[in-house]
file work.txt (compact mmCIF, C-alpha atoms)
# COMPACT_ATOMS: atom_id res chain seq x y z
CA MET O 1129 -12.52 27.12 6.54
CA LYS O 1130 -11.85 24.73 3.72
CA LEU O 1131 -9.16 22.07 3.27
CA TYR O 1132 -7.77 20.68 0.02
CA ILE O 1133 -5.42 17.70 0.18
CA GLU O 1134 -3.46 15.93 -2.54
CA THR O 1135 -2.29 12.45 -1.58
CA ILE O 1136 0.50 10.76 -3.54
CA GLY O 1137 1.79 7.24 -3.05
CA CYS O 1138 0.95 4.18 -0.99
CA SER O 1139 -1.92 3.15 1.27
CA MET O 1140 0.10 4.36 4.28
CA ASN O 1141 -0.05 7.87 2.82
CA VAL O 1142 -3.78 7.55 2.19
CA ARG O 1143 -4.27 6.60 5.84
CA ASP O 1144 -2.04 9.47 7.01
CA SER O 1145 -4.20 11.84 4.97
CA GLU O 1146 -7.35 10.43 6.57
CA HIS O 1147 -5.84 11.08 10.00
CA MET O 1148 -4.90 14.67 9.13
CA ILE O 1149 -8.35 15.33 7.67
CA SER O 1150 -10.06 13.98 10.81
CA GLU O 1151 -7.85 16.03 13.12
CA LEU O 1152 -8.43 19.25 11.16
CA GLN O 1153 -12.17 18.68 10.91
CA GLU O 1154 -12.62 17.84 14.58
CA LYS O 1155 -10.22 20.33 16.19
CA GLU O 1156 -9.92 23.20 13.72
CA GLY O 1157 -13.33 23.20 12.02
CA TYR O 1158 -12.16 22.54 8.47
CA THR O 1159 -14.37 21.05 5.77
CA LEU O 1160 -13.01 19.22 2.74
CA THR O 1161 -13.18 20.66 -0.75
CA GLU O 1162 -12.20 19.26 -4.14
CA ASN O 1163 -11.66 22.77 -5.47
CA MET O 1164 -8.13 23.87 -4.61
CA GLN O 1165 -8.88 27.50 -5.52
CA GLU O 1166 -11.40 27.87 -2.69
CA ALA O 1167 -9.24 26.20 -0.02
CA ASP O 1168 -7.82 28.05 3.00
CA LEU O 1169 -5.33 25.24 3.61
CA ILE O 1170 -3.63 23.13 0.93
CA LEU O 1171 -1.76 19.97 1.95
CA ILE O 1172 0.51 17.94 -0.35
CA ASN O 1173 1.08 14.50 1.17
CA THR O 1174 4.19 13.40 -0.68
CA CYS O 1175 5.88 10.14 -1.70
CA SER O 1176 9.65 9.78 -1.95
CA VAL O 1177 9.50 6.46 -3.79
CA ARG O 1178 8.06 7.81 -7.05
CA GLU O 1179 10.38 8.89 -9.88
CA LYS O 1180 12.01 12.32 -9.41
CA PRO O 1181 10.05 13.14 -6.22
CA GLU O 1182 11.74 16.49 -5.53
CA GLN O 1183 11.35 17.82 -9.07
CA LYS O 1184 7.67 16.87 -9.14
CA LEU O 1185 7.05 18.34 -5.67
CA PHE O 1186 8.35 21.80 -6.54
CA SER O 1187 6.40 21.76 -9.79
CA GLU O 1188 3.22 21.02 -7.81
CA ILE O 1189 4.01 23.71 -5.25
CA GLY O 1190 4.44 26.21 -8.08
CA GLN O 1191 1.07 25.31 -9.59
CA PHE O 1192 -0.71 25.56 -6.23
CA ALA O 1193 0.96 28.88 -5.39
CA LYS O 1194 -0.06 30.29 -8.76
CA ASN O 1195 -3.72 29.29 -8.49
CA LYS O 1196 -4.53 29.41 -4.75
CA LYS O 1197 -6.62 32.15 -3.26
CA GLU O 1198 -4.95 34.98 -1.38
CA GLY O 1199 -3.97 34.05 2.16
CA ALA O 1200 -4.27 30.29 1.68
CA LYS O 1201 -1.53 28.24 3.34
CA ILE O 1202 0.47 25.47 1.69
CA GLY O 1203 1.82 22.58 3.77
CA VAL O 1204 4.13 19.83 2.53
CA CYS O 1205 3.69 16.52 4.37
CA GLY O 1206 4.79 12.90 4.04
CA CYS O 1207 7.97 11.09 3.05
CA THR O 1208 9.55 13.71 0.80
CA ALA O 1209 8.92 16.21 3.60
CA SER O 1210 10.81 13.89 5.97
CA ALA O 1211 13.69 13.50 3.53
CA MET O 1212 14.12 17.19 2.62
CA GLY O 1213 12.99 19.04 5.75
CA HIS O 1214 14.18 22.67 5.90
CA GLU O 1215 15.41 22.49 2.32
CA ILE O 1216 11.79 22.70 1.12
CA ILE O 1217 11.28 26.03 2.90
CA LYS O 1218 14.58 27.34 1.55
CA LYS O 1219 13.78 26.38 -2.05
CA SER O 1220 10.13 27.45 -2.02
CA PRO O 1221 9.03 30.56 -0.11
CA HIS O 1222 5.41 29.66 -0.95
CA VAL O 1223 5.46 26.77 1.57
CA ASP O 1224 4.15 27.66 5.03
CA PHE O 1225 5.19 24.51 6.89
CA VAL O 1226 6.75 21.06 6.46
CA LEU O 1227 5.43 18.00 8.32
CA GLY O 1228 7.21 14.65 8.11
CA ALA O 1229 5.52 11.27 7.81
CA ARG O 1230 6.35 10.38 11.41
CA ASN O 1231 4.83 13.62 12.76
CA ILE O 1232 1.31 13.81 11.34
CA SER O 1233 -0.28 13.94 14.82
CA LYS O 1234 1.16 17.50 15.03
CA ILE O 1235 -0.97 18.77 12.13
CA THR O 1236 -3.31 20.92 14.23
CA SER O 1237 -0.43 22.75 15.91
CA ILE O 1238 1.94 23.21 12.97
CA ILE O 1239 -0.66 25.06 10.87
CA HIS O 1240 -0.35 27.93 13.39
CA LYS O 1241 3.47 28.06 13.24
CA PRO O 1242 4.77 30.04 10.23
CA LYS O 1243 7.63 28.28 8.40
CA ALA O 1244 7.72 25.46 10.96
CA VAL O 1245 9.49 22.19 10.11
CA GLU O 1246 8.63 18.99 12.03
CA VAL O 1247 10.43 15.97 10.57
CA ASP O 1248 11.77 14.01 13.55
CA ILE O 1249 11.85 10.35 12.42
CA ASP O 1250 12.24 9.22 16.04
CA TYR O 1251 9.00 10.90 17.09
CA ASP O 1252 6.54 8.30 18.35
CA ASP O 1253 2.80 8.74 17.82
CA SER O 1254 2.04 5.00 17.94
CA THR O 1255 -0.26 5.53 20.94
CA TYR O 1256 -1.79 8.80 19.75
CA MET O 1257 -5.59 8.70 19.57
CA PHE O 1258 -6.47 10.38 16.28
CA SER O 1259 -9.91 11.94 15.88
CA ASP O 1260 -12.57 9.62 14.49
CA SER O 1261 -13.28 10.01 10.81
CA LYS O 1262 -16.60 11.63 9.94
CA GLN O 1263 -16.71 9.46 6.86
CA SER O 1264 -18.67 6.21 6.98
CA SER O 1265 -17.55 3.50 4.60
CA PHE O 1266 -17.83 -0.23 4.08
CA LYS O 1267 -14.02 -0.35 3.60
CA ALA O 1268 -11.39 1.11 5.93
CA LEU O 1269 -7.62 1.40 6.34
CA LEU O 1270 -6.06 0.63 9.72
CA ASN O 1271 -2.44 1.15 10.78
CA ILE O 1272 -0.94 -1.60 12.93
CA SER O 1273 2.65 -0.32 12.93
CA ILE O 1274 4.74 2.66 11.95
CA GLY O 1275 8.27 2.78 10.53
CA CYS O 1276 10.54 0.01 9.27
CA ASP O 1277 13.58 -1.79 10.70
CA LYS O 1278 14.66 -3.38 7.43
CA LYS O 1279 17.68 -1.91 5.68
CA CYS O 1280 16.97 -2.75 2.04
CA ALA O 1281 19.71 -1.16 -0.04
CA TYR O 1282 17.35 0.62 -2.43
CA CYS O 1283 14.68 1.83 0.01
CA ILE O 1284 14.31 5.26 1.58
CA VAL O 1285 11.42 4.36 3.92
CA PRO O 1286 13.53 3.79 7.09
CA PHE O 1287 15.03 7.26 6.52
CA THR O 1288 11.62 8.92 6.17
CA ARG O 1289 9.44 6.88 8.57
CA GLY O 1290 11.94 5.86 11.25
CA LYS O 1291 12.29 2.67 13.26
CA GLU O 1292 9.47 0.16 13.41
CA ILE O 1293 7.04 0.37 16.34
CA SER O 1294 3.85 -1.67 16.68
CA ILE O 1295 0.62 0.07 17.65
CA PRO O 1296 -0.81 -1.37 20.90
CA PHE O 1297 -3.30 -4.19 20.37
CA GLU O 1298 -5.97 -2.51 22.49
CA LEU O 1299 -5.98 0.60 20.26
CA ILE O 1300 -6.24 -1.49 17.08
CA TYR O 1301 -9.02 -3.66 18.53
CA LYS O 1302 -11.08 -0.68 19.76
CA GLU O 1303 -10.73 1.15 16.45
CA THR O 1304 -11.84 -1.98 14.59
CA GLN O 1305 -14.87 -2.27 16.86
CA LYS O 1306 -15.78 1.36 16.12
CA LEU O 1307 -15.48 0.72 12.40
CA ALA O 1308 -17.73 -2.34 12.63
CA ILE O 1309 -20.38 -0.33 14.48
CA LYS O 1310 -20.25 2.32 11.71
CA GLY O 1311 -20.89 -0.38 9.07
CA THR O 1312 -17.39 -1.21 7.86
CA LYS O 1313 -17.23 -4.70 6.37
CA GLU O 1314 -13.63 -4.85 5.12
CA ILE O 1315 -10.47 -3.62 6.81
CA LEU O 1316 -7.00 -3.32 5.30
CA LEU O 1317 -4.25 -3.58 7.93
CA LEU O 1318 -1.24 -1.41 7.11
CA GLY O 1319 2.44 -1.61 7.96
CA GLN O 1320 5.77 -1.74 6.17
CA ASN O 1321 6.18 -5.33 7.41
CA VAL O 1322 2.83 -6.33 8.89
CA ASN O 1323 3.87 -9.89 9.76
CA ASN O 1324 6.61 -8.46 11.98
CA TYR O 1325 3.89 -7.01 14.22
CA GLY O 1326 4.55 -7.26 17.95
CA VAL O 1327 8.36 -7.22 17.84
CA ARG O 1328 8.61 -3.75 19.45
CA PHE O 1329 6.15 -1.52 21.32
CA ASN O 1330 6.96 1.84 22.88
CA SER O 1331 6.02 0.59 26.37
CA PRO O 1332 5.53 -2.77 28.16
CA HIS O 1333 2.93 -4.82 26.27
CA PRO O 1334 1.62 -8.39 26.46
CA LYS O 1335 3.35 -10.67 23.97
CA ILE O 1336 1.47 -10.88 20.66
CA ASN O 1337 2.34 -11.54 17.02
CA PHE O 1338 0.63 -10.85 13.71
CA THR O 1339 -1.05 -14.24 13.54
CA GLN O 1340 -2.61 -13.71 16.97
CA LEU O 1341 -3.69 -10.21 15.94
CA LEU O 1342 -5.51 -11.64 12.90
CA LYS O 1343 -7.28 -14.21 15.09
CA GLU O 1344 -8.49 -11.56 17.55
CA LEU O 1345 -9.69 -9.06 14.94
CA SER O 1346 -11.61 -11.78 13.09
CA LYS O 1347 -13.74 -12.30 16.21
CA ILE O 1348 -15.32 -8.84 15.87
CA ASP O 1349 -18.91 -9.05 14.65
CA GLY O 1350 -19.61 -7.03 11.51
CA ILE O 1351 -16.09 -7.29 10.10
CA GLU O 1352 -16.46 -9.75 7.25
CA ARG O 1353 -13.20 -9.30 5.36
CA ILE O 1354 -9.62 -8.72 6.49
CA ARG O 1355 -6.81 -7.74 4.13
CA PHE O 1356 -3.26 -6.61 4.94
CA THR O 1357 -0.22 -5.12 3.22
CA SER O 1358 2.63 -5.73 3.05
CA PRO O 1359 3.99 -8.88 4.64
CA HIS O 1360 7.70 -9.60 4.32
CA PRO O 1361 8.71 -12.96 2.81
CA LEU O 1362 11.30 -13.45 5.56
CA HIS O 1363 8.61 -13.63 8.27
CA MET O 1364 6.18 -15.93 6.44
CA ASN O 1365 6.30 -18.87 8.84
CA ASN O 1366 3.90 -21.81 8.71
CA GLU O 1367 1.84 -20.51 11.64
CA PHE O 1368 1.08 -17.31 9.73
CA LEU O 1369 0.34 -19.06 6.42
CA ASP O 1370 -1.89 -21.63 8.15
CA GLU O 1371 -3.95 -18.83 9.71
CA PHE O 1372 -4.15 -17.13 6.32
CA ALA O 1373 -5.42 -20.36 4.77
CA ASN O 1374 -7.92 -21.38 7.46
CA ASN O 1375 -9.37 -18.10 8.75
CA LYS O 1376 -12.52 -17.53 6.65
CA LYS O 1377 -12.52 -13.79 7.26
CA ILE O 1378 -9.05 -13.31 5.77
CA CYS O 1379 -9.26 -12.54 2.05
CA LYS O 1380 -7.32 -15.04 -0.02
CA SER O 1381 -5.16 -12.39 -1.63
CA ILE O 1382 -1.63 -11.62 -0.51
CA HIS O 1383 1.13 -9.25 -1.58
CA ILE O 1384 4.56 -10.90 -1.41
CA PRO O 1385 7.31 -8.54 -2.61
CA LEU O 1386 9.93 -10.47 -4.61
CA GLN O 1387 12.13 -7.58 -5.88
CA SER O 1388 14.48 -10.05 -7.62
CA GLY O 1389 14.69 -13.78 -8.27
CA SER O 1390 18.49 -13.83 -8.14
CA ASN O 1391 20.14 -14.85 -4.88
CA LYS O 1392 23.13 -12.65 -5.72
CA ILE O 1393 20.92 -9.58 -6.21
CA LEU O 1394 18.72 -10.40 -3.19
CA LYS O 1395 21.86 -10.48 -1.05
CA SER O 1396 23.06 -7.19 -2.53
CA MET O 1397 19.63 -5.70 -1.85
CA LYS O 1398 19.84 -6.96 1.77
CA ARG O 1399 16.44 -8.62 1.51
CA GLY O 1400 17.27 -11.39 3.98
CA TYR O 1401 15.85 -14.36 2.02
CA THR O 1402 16.76 -16.49 -0.98
CA GLN O 1403 14.90 -17.56 -4.09
CA GLU O 1404 14.60 -21.05 -2.58
CA TRP O 1405 12.91 -19.67 0.56
CA TYR O 1406 10.56 -17.52 -1.49
CA LEU O 1407 9.49 -20.41 -3.73
CA ASN O 1408 9.11 -22.68 -0.71
CA ARG O 1409 6.66 -20.20 0.80
CA ILE O 1410 4.77 -19.93 -2.50
CA GLU O 1411 4.56 -23.73 -2.74
CA TYR O 1412 3.27 -24.02 0.85
CA LEU O 1413 0.75 -21.26 0.23
CA LYS O 1414 -0.62 -22.71 -3.03
CA LYS O 1415 -0.85 -26.18 -1.50
CA ASN O 1416 -3.12 -24.85 1.27
CA VAL O 1417 -4.95 -22.16 -0.74
CA PRO O 1418 -5.11 -23.35 -4.39
CA ASN O 1419 -7.09 -20.31 -5.55
CA VAL O 1420 -4.89 -17.71 -3.79
CA GLY O 1421 -4.32 -14.38 -5.52
CA ILE O 1422 -0.67 -13.30 -5.30
CA SER O 1423 0.75 -9.89 -6.13
CA THR O 1424 4.35 -8.70 -6.01
CA ASP O 1425 6.92 -5.96 -6.59
CA ILE O 1426 9.90 -6.45 -8.91
CA ILE O 1427 12.87 -4.14 -9.51
CA VAL O 1428 14.56 -4.60 -12.88
CA GLY O 1429 18.20 -3.63 -13.30
CA PHE O 1430 19.43 -3.34 -9.73
CA PRO O 1431 23.19 -2.58 -9.86
CA GLY O 1432 25.13 -5.66 -10.91
CA GLU O 1433 22.14 -7.52 -12.40
CA THR O 1434 23.31 -9.73 -15.28
CA ASP O 1435 21.28 -11.52 -17.93
CA GLU O 1436 21.53 -14.65 -15.79
CA ASP O 1437 20.19 -12.78 -12.75
CA PHE O 1438 17.27 -11.51 -14.80
CA LYS O 1439 16.53 -15.07 -15.98
CA GLU O 1440 16.22 -16.07 -12.32
CA THR O 1441 13.53 -13.41 -11.86
CA MET O 1442 11.71 -14.74 -14.93
CA LYS O 1443 11.93 -18.24 -13.41
CA VAL O 1444 10.07 -17.08 -10.29
CA LEU O 1445 7.47 -15.31 -12.45
CA GLU O 1446 6.83 -18.54 -14.40
CA TYR O 1447 6.46 -20.62 -11.23
CA THR O 1448 4.37 -18.20 -9.17
CA ARG O 1449 2.23 -16.75 -12.00
CA PHE O 1450 1.48 -13.52 -10.15
CA ASP O 1451 -2.03 -12.10 -10.51
CA THR O 1452 -0.72 -8.56 -10.09
CA MET O 1453 2.84 -7.33 -10.62
CA TYR O 1454 4.22 -3.87 -9.90
CA SER O 1455 7.48 -3.70 -11.86
CA PHE O 1456 9.95 -0.85 -12.12
CA ILE O 1457 13.37 0.00 -13.51
CA TYR O 1458 15.85 0.60 -10.69
CA SER O 1459 16.26 4.26 -9.85
CA PRO O 1460 18.85 5.47 -7.28
CA ARG O 1461 17.35 7.34 -4.30
CA PRO O 1462 19.36 9.71 -2.08
CA ASN O 1463 19.85 8.50 1.51
CA THR O 1464 19.84 4.84 0.47
CA LEU O 1465 22.76 2.42 0.56
CA SER O 1466 22.69 1.72 -3.17
CA TYR O 1467 22.78 5.47 -3.91
CA SER O 1468 26.15 5.65 -2.11
CA TRP O 1469 27.60 3.19 -4.64
CA GLY O 1470 27.51 5.91 -7.28
CA ASN O 1471 27.47 4.73 -10.88
CA ASN O 1472 29.26 1.48 -10.14
CA GLU O 1473 27.62 -1.44 -11.93
CA LEU O 1474 24.72 0.67 -13.22
CA ILE O 1475 23.16 -0.98 -16.28
CA PRO O 1476 22.62 0.82 -19.63
CA LYS O 1477 19.07 2.15 -20.05
CA GLU O 1478 18.53 0.26 -23.29
CA ILE O 1479 19.11 -3.06 -21.51
CA LEU O 1480 16.88 -2.03 -18.60
CA LYS O 1481 14.02 -1.10 -20.91
CA GLU O 1482 14.31 -4.36 -22.82
CA ARG O 1483 14.29 -6.45 -19.64
CA LEU O 1484 11.26 -4.61 -18.29
CA LYS O 1485 9.48 -5.09 -21.62
CA ILE O 1486 10.16 -8.85 -21.57
CA LEU O 1487 9.01 -9.14 -17.93
CA GLN O 1488 5.81 -7.16 -18.42
CA GLN O 1489 4.91 -8.85 -21.70
CA ARG O 1490 5.21 -12.30 -20.17
CA HIS O 1491 3.17 -11.19 -17.17
CA ARG O 1492 0.40 -9.90 -19.45
CA GLU O 1493 0.29 -13.33 -21.10
CA ILE O 1494 0.12 -15.05 -17.71
CA LEU O 1495 -2.65 -12.71 -16.60
CA GLN O 1496 -4.67 -13.56 -19.70
CA GLU O 1497 -4.16 -17.28 -19.05
CA ASN O 1498 -5.09 -16.88 -15.38
CA SER O 1499 -8.20 -14.94 -16.33
CA GLN O 1500 -9.39 -17.58 -18.79
CA ASN O 1501 -9.10 -20.14 -15.99
CA GLU O 1502 -11.67 -18.13 -13.99
CA LEU O 1503 -14.49 -18.84 -16.45
CA GLY O 1504 -17.27 -20.79 -14.73
CA LYS O 1505 -15.95 -20.11 -11.24
CA ILE O 1506 -18.03 -18.53 -8.49
CA HIS O 1507 -16.63 -15.62 -6.46
CA GLU O 1508 -17.88 -13.64 -3.48
CA VAL O 1509 -17.66 -9.99 -4.48
CA LEU O 1510 -17.82 -6.86 -2.33
CA ILE O 1511 -19.55 -4.22 -4.46
CA GLU O 1512 -17.42 -1.06 -4.49
CA SER O 1513 -19.03 1.00 -7.26
CA ASN O 1514 -22.15 1.07 -9.41
CA LYS O 1515 -23.94 3.10 -12.06
CA ASN O 1516 -27.52 3.33 -13.19
CA SER O 1517 -28.20 5.62 -16.16
CA LEU O 1518 -30.02 5.63 -19.48
CA ASN O 1519 -26.84 4.54 -21.25
CA GLU O 1520 -25.36 2.06 -18.80
CA THR O 1521 -26.16 0.01 -15.73
CA PHE O 1522 -23.50 -1.99 -13.90
CA SER O 1523 -21.99 -2.89 -10.54
CA GLU O 1524 -18.42 -3.88 -9.82
CA GLY O 1525 -16.22 -4.91 -6.96
CA ARG O 1526 -13.45 -7.24 -5.88
CA SER O 1527 -13.38 -10.91 -5.05
CA ASP O 1528 -11.62 -12.07 -1.91
CA THR O 1529 -8.74 -13.02 -4.25
CA ASN O 1530 -8.67 -9.32 -5.27
CA ARG O 1531 -9.83 -9.78 -8.87
CA LEU O 1532 -11.91 -6.93 -10.31
CA ILE O 1533 -15.31 -8.29 -11.30
CA LYS O 1534 -18.00 -6.40 -13.21
CA ILE O 1535 -21.71 -7.28 -13.29
CA GLU O 1536 -23.44 -5.65 -16.27
CA ASN O 1537 -27.14 -4.69 -16.40
CA ASP O 1538 -27.46 -5.15 -12.64
CA PHE O 1539 -27.53 -2.33 -10.07
CA ILE O 1540 -26.39 -3.61 -6.68
CA ASN O 1541 -25.94 -1.45 -3.59
CA MET O 1542 -22.36 -0.60 -2.66
CA GLY O 1543 -21.14 -2.53 0.36
CA GLU O 1544 -23.13 -5.66 -0.41
CA ILE O 1545 -21.29 -8.98 -0.66
CA ILE O 1546 -22.77 -11.19 -3.37
CA LYS O 1547 -21.95 -14.38 -5.25
CA VAL O 1548 -21.03 -13.98 -8.92
CA ASN O 1549 -20.59 -16.62 -11.62
CA ILE O 1550 -17.83 -15.62 -14.08
CA ASN O 1551 -18.97 -15.95 -17.71
CA GLU O 1552 -16.69 -13.60 -19.66
CA VAL O 1553 -13.17 -12.17 -19.68
CA ARG O 1554 -12.18 -8.83 -21.24
CA GLY O 1555 -8.56 -7.90 -20.77
CA SER O 1556 -7.81 -8.40 -17.07
CA THR O 1557 -11.40 -7.72 -15.97
CA LEU O 1558 -13.75 -10.58 -15.18
CA TYR O 1559 -17.47 -10.30 -16.00
CA GLY O 1560 -20.25 -12.32 -14.43
CA LYS O 1561 -23.84 -12.67 -13.29
CA GLN O 1562 -25.15 -12.45 -9.76
CA ILE O 1563 -26.29 -15.75 -8.26
CA HIS O 1564 -29.50 -15.20 -6.31
call {"tool": "encode", "arguments": {"input": "work.txt", "output": "structure tokens"}}
result
Amino acid sequence: MKLYIETIGCSMNVRDSEHMISELQEKEGYTLTENMQEADLILINTCSVREKPEQKLFSEIGQFAKNKKEGAKIGVCGCTASAMGHEIIKKSPHVDFVLGARNISKITSIIHKPKAVEVDIDYDDSTYMFSDSKQSSFKALLNISIGCDKKCAYCIVPFTRGKEISIPFELIYKETQKLAIKGTKEILLLGQNVNNYGVRFNSPHPKINFTQLLKELSKIDGIERIRFTSPHPLHMNNEFLDEFANNKKICKSIHIPLQSGSNKILKSMKRGYTQEWYLNRIEYLKKNVPNVGISTDIIVGFPGETDEDFKETMKVLEYTRFDTMYSFIYSPRPNTLSYSWGNNELIPKEILKERLKILQQRHREILQENSQNELGKIHEVLIESNKNSLNETFSEGRSDTNRLIKIENDFINMGEIIKVNINEVRGSTLYGKQIH
């Protein structure tokens, strides 16, 4: 039997898909295919954060139903599945089952239950031992927690993924050891608020926090790089930032979601920190890690945002000079606090588009300036892709600061970590030569 899976959204969804694939391969005998038309089982792992998630989901279901082979099942999984539940079955008779983001460990049972819906956001699979992946890779994703306890006014995640529970340390450590034995060199630790790790387990557990977790995982031989996403600015204490700065295995790249630079808007968003706290953490970080790569998320036009509020966001952009910025126009999501406000204080689209244009244009300029400053610098690069043909030979990968670096006319095996001297900048991509 063959499985086709479409994964939409964040790294958490990618990891959930990996778990479902492993379970179906190990326990149900499925093999993966990239050809949807030959699949016996089609899974859509959905994201409720993207624009118009419901409309896009039913469009995708329609396309799959039209082109699938006779008898093939369609399952809707992930966050939109959690949010809509039985409504998906009611609206689309083509769907055979619905599996919420908090219930993916049930994948091998639900495929045998016609029209089943499993979307309990209080279901706890934090101690479930998923089947080992048959894939071997030099990079791997690793969950350290599930759910989220924050109540950000714009965010649907607590509604779709439930309360936050940390995965037991022993399970994380053993899985990391397995990955190292299989040849994994870089792990990406996943959680909605990774630096809140250890606050709640589902059973008695020795006291541990995220900083201690990083220390323990870095002791495992074979693991050479540790990344994580996303930490919450509120929990960025000095102990955590000191470990980030001094632990040589931790990549010097960090995602710090800003959302807004205005204290008024941050309070309305229920983010729990101020602009002053955020900039204080940035200052402490840059003092201890001068070459740190910082990425962020910014929402433009949250209800009530004035021109002055937007200027405060621009102020933080100028000071921090983010290497990567994911920026979006505010969009109301059902089942969020800000959605319940209705159209109160919504900002005209023309103003929103102009603010986003100003923000993104200035960031592009900063990125160009940042890139020019990389000329002559030496980076350690993990090779992630390569090509060797009559027309082109190159290798490329990412530095520990998460910059994409390309090495032309040099074929280097994927998974190798090499030193590269940067000698050219094109757009946001750095080019360099391997140092032997």
call {"tool": "residues_around", "arguments": {"input": "work.txt", "residues": "Asp1349 in chain O", "least_positions_apart": "2", "cutoff": "12 Å", "atoms": "all atoms listed in the file", "output": "ChimeraX atom specification"}}
result
/O:1301,1304-1314,1344-1347,1351-1353,1377
call {"tool": "atom_distance", "arguments": {"input": "work.txt", "atom1": "CA of Asn1330 in chain O", "atom2": "CA of Ile1382 in chain O"}}
result
28.3 Å
call {"tool": "atom_distance", "arguments": {"input": "work.txt", "atom1": "CA of Leu1484 in chain O", "atom2": "CA of Thr1464 in chain O"}}
result
22.7 Å
call {"tool": "closest_residue", "arguments": {"input": "work.txt", "among": "O:Asn1463, O:Ser1455, O:Ser1265, O:Thr1161", "to": "Arg1483 in chain O", "atoms": "all atoms listed in the file"}}
result
O:Ser1455
call {"tool": "residues_around", "arguments": {"input": "work.txt", "residues": "Asn1365 in chain O", "least_positions_apart": "3", "cutoff": "12 Å", "atoms": "only C-alpha atoms", "output": "JSON, numbers by chain"}}
result
{"O": [1323, 1324, 1337, 1338, 1339, 1359, 1360, 1361, 1362, 1368, 1369, 1370, 1371, 1372, 1405, 1406, 1408, 1409, 1410, 1412, 1413]}
